[in-house]
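Below is input_26.txt, holding compact mmCIF, C-alpha atoms.
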```txt
# COMPACT_ATOMS: atom_id res chain seq x y z
CA GLU A 1 0.00 0.00 0.00
CA LEU A 2 1.55 3.25 -1.20
CA LEU A 3 0.06 5.34 1.62
CA ASP A 4 1.48 3.03 4.28
CA LYS A 5 4.94 3.54 2.79
CA CYS A 6 4.50 7.29 3.34
CA ARG A 7 4.08 6.85 7.10
CA ARG A 8 6.77 8.14 9.43
CA GLU A 9 7.27 8.20 13.18
CA TYR A 10 5.58 11.49 14.00
CA ALA A 11 2.15 12.60 15.21
CA LEU A 12 -0.42 15.09 13.99
CA GLY A 13 -0.35 18.55 15.54
CA PRO A 14 1.09 22.07 15.17
CA GLN A 15 4.81 22.56 14.67
CA ARG A 16 7.03 25.57 14.23
CA GLY A 17 7.75 26.71 10.71
CA GLY A 18 4.35 27.61 9.27
CA SER A 19 2.01 25.45 7.21
CA PHE A 20 -0.37 25.34 4.24
CA CYS A 21 -4.08 24.58 4.26
CA GLY A 22 -6.42 23.02 1.69
CA ILE A 23 -10.20 22.85 2.14
CA ASP A 24 -12.62 20.78 0.06
CA VAL A 25 -16.25 21.83 0.40
CA GLY A 26 -19.09 19.31 0.46
CA ARG A 27 -21.58 18.16 3.05
CA VAL A 28 -18.76 18.91 5.50
CA LEU A 29 -15.43 20.67 5.10
CA ASN A 30 -12.51 18.31 4.60
CA VAL A 31 -9.46 20.17 5.85
CA VAL A 32 -5.80 19.27 5.33
CA ILE A 33 -2.86 21.20 6.77
CA ARG A 34 0.71 20.37 5.71
CA GLY A 35 4.08 21.72 6.73
CA PRO A 36 6.75 23.02 4.35
CA ASP A 37 8.48 19.64 4.75
CA TRP A 38 5.27 18.05 3.34
CA SER A 39 4.44 16.40 6.67
CA LEU A 40 0.75 16.10 7.54
CA ARG A 41 -0.11 18.37 10.47
CA TYR A 42 -3.91 18.09 10.43
CA ALA A 43 -6.65 16.18 8.59
CA GLY A 44 -10.25 16.43 9.71
CA GLN A 45 -13.87 17.02 8.78
CA LEU A 46 -15.47 20.20 10.12
CA ARG A 47 -19.02 21.51 10.03
CA ASP A 48 -18.37 25.06 8.86
CA PHE A 49 -15.78 27.77 8.26
CA ASP A 50 -16.14 29.06 11.82
CA GLU A 51 -14.42 25.87 12.95
CA VAL A 52 -11.60 26.42 10.45
CA GLU A 53 -10.60 29.86 11.73
CA PRO A 54 -8.87 28.78 14.96
CA LEU A 55 -6.92 26.12 13.04
CA LEU A 56 -5.34 28.78 10.83
CA THR A 57 -4.10 30.49 13.97
CA ASP A 58 -3.08 27.37 15.90
CA TYR A 59 -1.16 25.88 12.98
CA GLY A 60 0.45 29.11 11.75
CA VAL A 61 -1.05 28.70 8.28
CA LEU A 62 0.78 30.79 5.68
CA ALA A 63 -1.65 30.33 2.79
CA CYS A 64 -5.01 28.62 2.32
CA VAL A 65 -6.78 27.39 -0.83
CA VAL A 66 -10.51 26.69 -0.62
CA ASP A 67 -12.82 24.87 -3.02
CA ALA A 68 -14.93 27.65 -4.58
CA ASN A 69 -17.88 25.33 -5.26
CA PRO A 70 -20.56 24.60 -4.33
CA GLU A 71 -20.68 27.22 -1.52
CA THR A 72 -19.09 30.17 -3.30
CA ARG A 73 -20.84 32.79 -1.15
CA LEU A 74 -19.71 31.20 2.11
CA ALA A 75 -16.19 30.72 0.76
CA ARG A 76 -16.07 34.40 -0.21
CA LEU A 77 -17.24 35.45 3.26
CA PHE A 78 -14.51 33.32 4.79
CA GLN A 79 -11.92 34.77 2.41
CA ALA A 80 -12.99 38.34 3.22
CA LYS A 81 -11.97 37.92 6.86
CA TYR A 82 -8.29 37.81 5.89
CA PRO A 83 -5.81 40.00 4.00
CA PRO A 84 -5.82 39.68 0.19
CA GLY A 85 -3.63 36.81 -0.96
CA TYR A 86 -4.02 34.75 2.21
CA VAL A 87 -7.14 32.74 1.28
CA TRP A 88 -7.60 31.75 -2.37
CA LEU A 89 -10.71 30.29 -3.99
CA ALA A 90 -10.00 27.39 -6.34
CA TYR A 91 -11.81 26.56 -9.56
CA TYR A 92 -10.98 23.49 -11.63
CA VAL A 93 -10.73 24.27 -15.34
CA PRO A 94 -10.38 22.09 -18.44
CA GLY A 95 -6.89 20.85 -19.18
CA ARG A 96 -4.65 22.92 -21.39
CA GLU A 97 -3.40 21.42 -24.61
CA ASP A 98 -0.13 23.33 -24.32
CA LYS A 99 1.69 21.38 -21.60
CA THR A 100 4.48 23.97 -21.51
CA LEU A 101 2.09 26.26 -19.61
CA LEU A 102 1.75 26.02 -15.86
CA PRO A 103 -1.28 24.00 -14.70
CA PHE A 104 -2.66 26.93 -12.68
CA ASP A 105 -3.28 30.68 -12.94
CA TRP A 106 -3.34 32.98 -9.91
CA ASP A 107 -5.83 35.83 -10.41
CA THR A 108 -4.79 38.63 -8.05
CA GLU A 109 -7.81 40.76 -8.91
CA ARG A 110 -10.40 38.21 -7.72
CA TRP A 111 -8.00 36.18 -5.52
CA VAL A 112 -8.84 32.91 -7.22
CA VAL A 113 -6.70 30.14 -8.66
CA ASN A 114 -7.81 28.41 -11.84
CA ALA A 115 -6.29 24.93 -11.72
CA ASP A 116 -6.02 22.18 -14.31
CA ARG A 117 -7.73 19.35 -12.42
CA THR A 118 -5.78 16.49 -13.95
CA ARG A 119 -2.33 18.02 -13.95
CA THR A 120 -2.53 19.38 -10.40
CA LEU A 121 -3.84 16.06 -9.11
CA ASP A 122 -0.97 14.40 -10.98
CA SER A 123 1.45 16.61 -9.06
CA THR A 124 -0.20 15.90 -5.73
CA MET A 125 -0.21 12.14 -6.33
CA SER A 126 3.41 12.24 -7.47
CA MET A 127 4.35 13.79 -4.12
CA PHE A 128 2.88 10.71 -2.37
CA ARG A 129 4.88 8.43 -4.67
CA LEU A 130 8.06 10.32 -3.78
CA GLY A 131 7.26 10.02 -0.09
CA ALA A 132 6.72 6.28 -0.47
CA LYS A 133 10.23 6.00 -1.93
CA ASN A 134 11.76 7.96 0.97
CA GLU A 135 12.49 10.88 -1.30
CA ASN A 136 11.49 14.51 -0.70
CA GLY A 137 7.75 13.98 -0.94
CA THR A 138 4.55 13.82 1.05
CA THR A 139 4.61 11.95 4.35
CA LEU A 140 1.96 10.75 6.79
CA PRO A 141 1.98 10.33 10.57
CA ALA A 142 2.35 6.89 12.09
CA ASN A 143 -1.37 6.72 12.91
CA ALA A 144 -2.61 7.87 9.49
CA ARG A 145 -4.83 4.78 9.12
CA ASP A 146 -6.83 6.00 12.12
CA ILE A 147 -7.96 9.21 10.38
CA PRO A 148 -11.62 8.53 9.44
CA ASP A 149 -12.17 8.23 5.67
CA TYR A 150 -8.69 9.53 4.83
CA TYR A 151 -7.24 6.42 3.16
CA ALA A 152 -10.46 5.62 1.28
CA GLN A 153 -10.87 9.13 -0.08
CA LEU A 154 -7.21 9.44 -1.09
CA CYS A 155 -7.57 6.24 -3.11
CA ALA A 156 -10.95 7.18 -4.66
CA PRO A 157 -9.73 9.14 -7.73
CA GLU A 158 -8.73 6.77 -10.53
CA ARG A 159 -6.61 8.08 -13.40
CA ARG A 160 -7.85 6.97 -16.81
CA ILE A 161 -7.13 7.77 -20.45
CA GLU A 162 -10.16 8.82 -22.49
CA HIS A 163 -10.46 9.25 -26.25
CA ASP A 164 -12.64 11.75 -28.07
CA SER A 165 -14.43 11.25 -31.40
CA LYS A 166 -11.28 12.27 -33.28
CA GLY A 167 -9.12 9.73 -31.48
CA ASN A 168 -7.35 12.29 -29.32
CA SER A 169 -6.49 11.01 -25.85
CA ARG A 170 -6.52 12.83 -22.55
CA ALA A 171 -6.00 11.84 -18.94
CA VAL A 172 -8.83 12.31 -16.45
CA TYR A 173 -9.49 11.38 -12.84
CA VAL A 174 -12.71 9.46 -12.27
CA GLU A 175 -14.26 9.19 -8.81
CA LYS A 176 -14.70 5.64 -7.54
CA GLY A 177 -16.28 7.06 -4.38
CA PRO A 178 -16.09 10.15 -2.15
CA ASP A 179 -12.73 11.81 -2.80
CA HIS A 180 -12.88 14.95 -0.64
CA TYR A 181 -9.55 14.40 1.09
CA ALA A 182 -7.83 13.93 -2.26
CA HIS A 183 -8.96 17.38 -3.32
CA ALA A 184 -8.18 18.90 0.07
CA GLU A 185 -4.64 17.56 -0.40
CA ASN A 186 -4.57 19.07 -3.88
CA TYR A 187 -5.62 22.47 -2.55
CA ALA A 188 -2.99 22.28 0.21
CA TYR A 189 -0.41 21.50 -2.48
CA LEU A 190 -1.53 24.57 -4.45
CA ALA A 191 -1.31 26.74 -1.33
CA ALA A 192 2.25 25.56 -0.72
CA VAL A 193 3.30 26.06 -4.34
CA TYR A 194 1.88 29.59 -4.37
CA TRP A 195 3.41 30.70 -1.08
CA LEU A 196 6.84 29.18 -1.70
CA TYR A 197 7.00 30.77 -5.16
CA ALA A 198 5.75 34.14 -3.94
CA ALA A 199 8.15 34.14 -0.99
CA GLU A 200 11.07 33.36 -3.28
CA HIS A 201 10.10 36.29 -5.48
CA GLN A 202 9.44 38.59 -2.51
CA SER A 203 5.80 39.15 -3.41
CA GLU A 204 3.86 41.75 -1.45
CA VAL A 205 1.10 39.20 -0.79
CA VAL A 206 3.13 36.84 1.36
CA TYR A 207 2.22 36.96 5.02
CA SER A 208 4.25 36.05 8.06
CA PRO A 209 2.77 33.34 10.28
CA VAL A 210 3.63 35.58 13.20
CA ARG A 211 1.19 38.16 11.86
CA ILE A 212 -1.55 35.70 10.88
CA GLY A 213 -1.39 33.02 13.53
CA ALA A 214 0.48 31.33 16.30
CA TYR A 215 3.90 30.10 15.17
```

Hey, can you dump this file as structure tokens for me?
Amino acid sequence: ELLDKCRREYALGPQRGGSFCGIDVGRVLNVVIRGPDWSLRYAGQLRDFDEVEPLLTDYGVLACVVDANPETRLARLFQAKYPPGYVWLAYYVPGREDKTLLPFDWDTERWVVNADRTRTLDSTMSMFRLGAKNENGTTLPANARDIPDYYAQLCAPERRIEHDSKGNSRAVYVEKGPDHYAHAENYAYLAAVYWLYAAEHQSEVVYSPVRIGAY
């Protein structure tokens, strides 16, 4: 089992050094928080955004990406509580034919990220494969199997190759069941990619965890 190979001898919980948050929106909010070393700090299902707010403080979250659908209004209200560039709303968009382009666009006027669903999920899943090989990839705490629904939902997206009427092929992810944690992981990956890139380029919309939350 690939996920078991990602497990390491650590526990969930806040650590120094900041973190990145991804939130998938459905019947509940599936929330994932990861550190800059790609360790899993938090994974849980919450009732509403009010329950998310203290986590951003407690875990020193540096950037957060939230599923824009289906509760766009509530996601916008949550976003509006923070400085611009701290919470981003994510929309999945059709894949780009030109693979030389990045699989995401950051819109700093609306504070949304338009992400290629397949290519960003490919990146997220590749991080788990790296972790399983003891390379610089995603890791899981020793008790990861005890997180309700986490393993099942991470394994739910199945990558397939589809062909259109002209014989052109494209990769897609098909849901075999609820996959909320998979997308929460994808959003956390996007949050990390954005913040690490923006920090490197000294962007004005990078926020210190000391200013935003406990650190």

Pull the closest atom pair for each residue of stretch 46-132 of chain A that gets at most 9 Å from stretch 153-174 of chain A, along with the distance in Å to one decimal, counting all atoms listed in the file, ordering rows by chain and then ascending residue number, as CSV.
```
residue,atom,partner,partner_atom,distance
A:Gly95,CA,A:Arg170,CA,8.7
A:Arg117,CA,A:Tyr173,CA,8.2
A:Thr118,CA,A:Val172,CA,5.7
A:Arg119,CA,A:Ala171,CA,8.7
A:Leu121,CA,A:Tyr173,CA,8.2
A:Asp122,CA,A:Arg159,CA,8.8
```

Expressed in Å to a single decimal, how great is the separation between atom CA of A:Asp146 and atom CA of A:Phe128?
->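 Spanning atom CA of A:Asp146 to atom CA of A:Phe128 is a straight-line distance of 18.1 Å.
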
Would you list the contacts of A:Tyr189 as a compact mmCIF listing (two decimals) with C-alpha atoms, in the frame of the given file, taking every protein, DNA or RNA residue within 8 Å and counting only C-alpha atoms, but skipping same-chain residues closer than 5 positions in sequence?
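Saved the output as around28.txt:
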```txt
# COMPACT_ATOMS: atom_id res chain seq x y z
CA PHE A 20 -0.37 25.34 4.24
CA GLY A 22 -6.42 23.02 1.69
CA THR A 124 -0.20 15.90 -5.73
```

When you draw a straight line from atom CA of A:Ser39 to atom CA of A:Trp88, how long is it in Å?
->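 Answer for the atom CA of A:Ser39 to atom CA of A:Trp88 separation: 21.5 Å.
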
Best match for closeness to A:Val25 among A:Ala68, A:Val87, A:Leu2, A:Leu190, counting all atoms listed in the file =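 Checking each candidate against A:Val25, we get A:Ala68 as the closest.
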
Draw an axis-aligned box tight on the listed atoms of stretch 53-62 of chain A, then pad every side by 3 Å and write out centre and edge lengths in Å to one decimal as JSON.
```
{"center_x": -4.9, "center_y": 28.3, "center_z": 10.8, "size_x": 17.4, "size_y": 10.9, "size_z": 16.2}
```

Which neighbours of A:Cys6 fall inside 12 Å, counting all atoms listed in the file, when residues of the same chain fewer than 4 positions from it are skipped, and could you give them as a compact mmCIF listing (two decimals) with C-alpha atoms, in the frame of the given file?
```txt
# COMPACT_ATOMS: atom_id res chain seq x y z
CA GLU A 1 0.00 0.00 0.00
CA LEU A 2 1.55 3.25 -1.20
CA TYR A 10 5.58 11.49 14.00
CA TRP A 38 5.27 18.05 3.34
CA SER A 39 4.44 16.40 6.67
CA LEU A 40 0.75 16.10 7.54
CA MET A 125 -0.21 12.14 -6.33
CA SER A 126 3.41 12.24 -7.47
CA MET A 127 4.35 13.79 -4.12
CA PHE A 128 2.88 10.71 -2.37
CA ARG A 129 4.88 8.43 -4.67
CA LEU A 130 8.06 10.32 -3.78
CA GLY A 131 7.26 10.02 -0.09
CA ALA A 132 6.72 6.28 -0.47
CA LYS A 133 10.23 6.00 -1.93
CA ASN A 134 11.76 7.96 0.97
CA GLU A 135 12.49 10.88 -1.30
CA ASN A 136 11.49 14.51 -0.70
CA GLY A 137 7.75 13.98 -0.94
CA THR A 138 4.55 13.82 1.05
CA THR A 139 4.61 11.95 4.35
CA LEU A 140 1.96 10.75 6.79
CA PRO A 141 1.98 10.33 10.57
CA ALA A 142 2.35 6.89 12.09
CA ASN A 143 -1.37 6.72 12.91
CA ALA A 144 -2.61 7.87 9.49
CA ARG A 145 -4.83 4.78 9.12
CA TYR A 151 -7.24 6.42 3.16
```

State, in Å with one decimal place, the distance from atom CA of A:Asp149 to atom CA of A:Glu51.
->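 Value for the atom CA of A:Asp149-atom CA of A:Glu51 distance: 19.2 Å.
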
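Nearest to A:Tyr86 of all the residues A:Ala192, A:Asn186, A:Val28, A:Ala115 is A:Ala192, counting all atoms listed in the file.
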
Hey, which of A:Ile23, A:Leu77, A:Pro14, A:Asp105 ends up closest to A:Thr57? Count all atoms listed in the file.
->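 Result for the nearest residue to A:Thr57: A:Pro14.
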
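Here the question is which of A:Glu175, A:Asp67, A:Asp48, A:Glu185 gets nearest to A:Thr120 using all atoms listed in the file, and that residue is A:Glu185.
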
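With distances restricted to all atoms listed in the file, A:Gly35 is the closest residue to A:Val61 from A:Gly35, A:Pro178, A:Gly13, A:Pro103.
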
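The smallest atom-to-atom distance between A:Leu102 and any of A:Leu55, A:Leu3, A:Val193, A:Ala90, using all atoms listed in the file, is found for A:Val193.
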
Find the residues near A:Asn30: any atom within 7 Å, counting all atoms listed in the file, skip ones fewer than 2 places away on the same chain, and give them as a ChimeraX atom specification.
-> /A:23-25,28,32,44-46,180-181,184

Which residues, protein or nucleic acid, reach to within 10 Å of (6.8, 23.6, 13.0) in the file's coordinates when using only C-alpha atoms, and can you give that as a PDB file with C-alpha atoms, keeping the file's coordinate frame?
```pdb
ATOM      1  CA  GLY A  13      -0.350  18.550  15.540  1.00  0.00           C
ATOM      2  CA  PRO A  14       1.090  22.070  15.170  1.00  0.00           C
ATOM      3  CA  GLN A  15       4.810  22.560  14.670  1.00  0.00           C
ATOM      4  CA  ARG A  16       7.030  25.570  14.230  1.00  0.00           C
ATOM      5  CA  GLY A  17       7.750  26.710  10.710  1.00  0.00           C
ATOM      6  CA  GLY A  18       4.350  27.610   9.270  1.00  0.00           C
ATOM      7  CA  SER A  19       2.010  25.450   7.210  1.00  0.00           C
ATOM      8  CA  GLY A  35       4.080  21.720   6.730  1.00  0.00           C
ATOM      9  CA  PRO A  36       6.750  23.020   4.350  1.00  0.00           C
ATOM     10  CA  ASP A  37       8.480  19.640   4.750  1.00  0.00           C
ATOM     11  CA  SER A  39       4.440  16.400   6.670  1.00  0.00           C
ATOM     12  CA  ARG A  41      -0.110  18.370  10.470  1.00  0.00           C
ATOM     13  CA  TYR A  59      -1.160  25.880  12.980  1.00  0.00           C
ATOM     14  CA  GLY A  60       0.450  29.110  11.750  1.00  0.00           C
ATOM     15  CA  TYR A 215       3.900  30.100  15.170  1.00  0.00           C
TER      16      TYR A 215
END
```
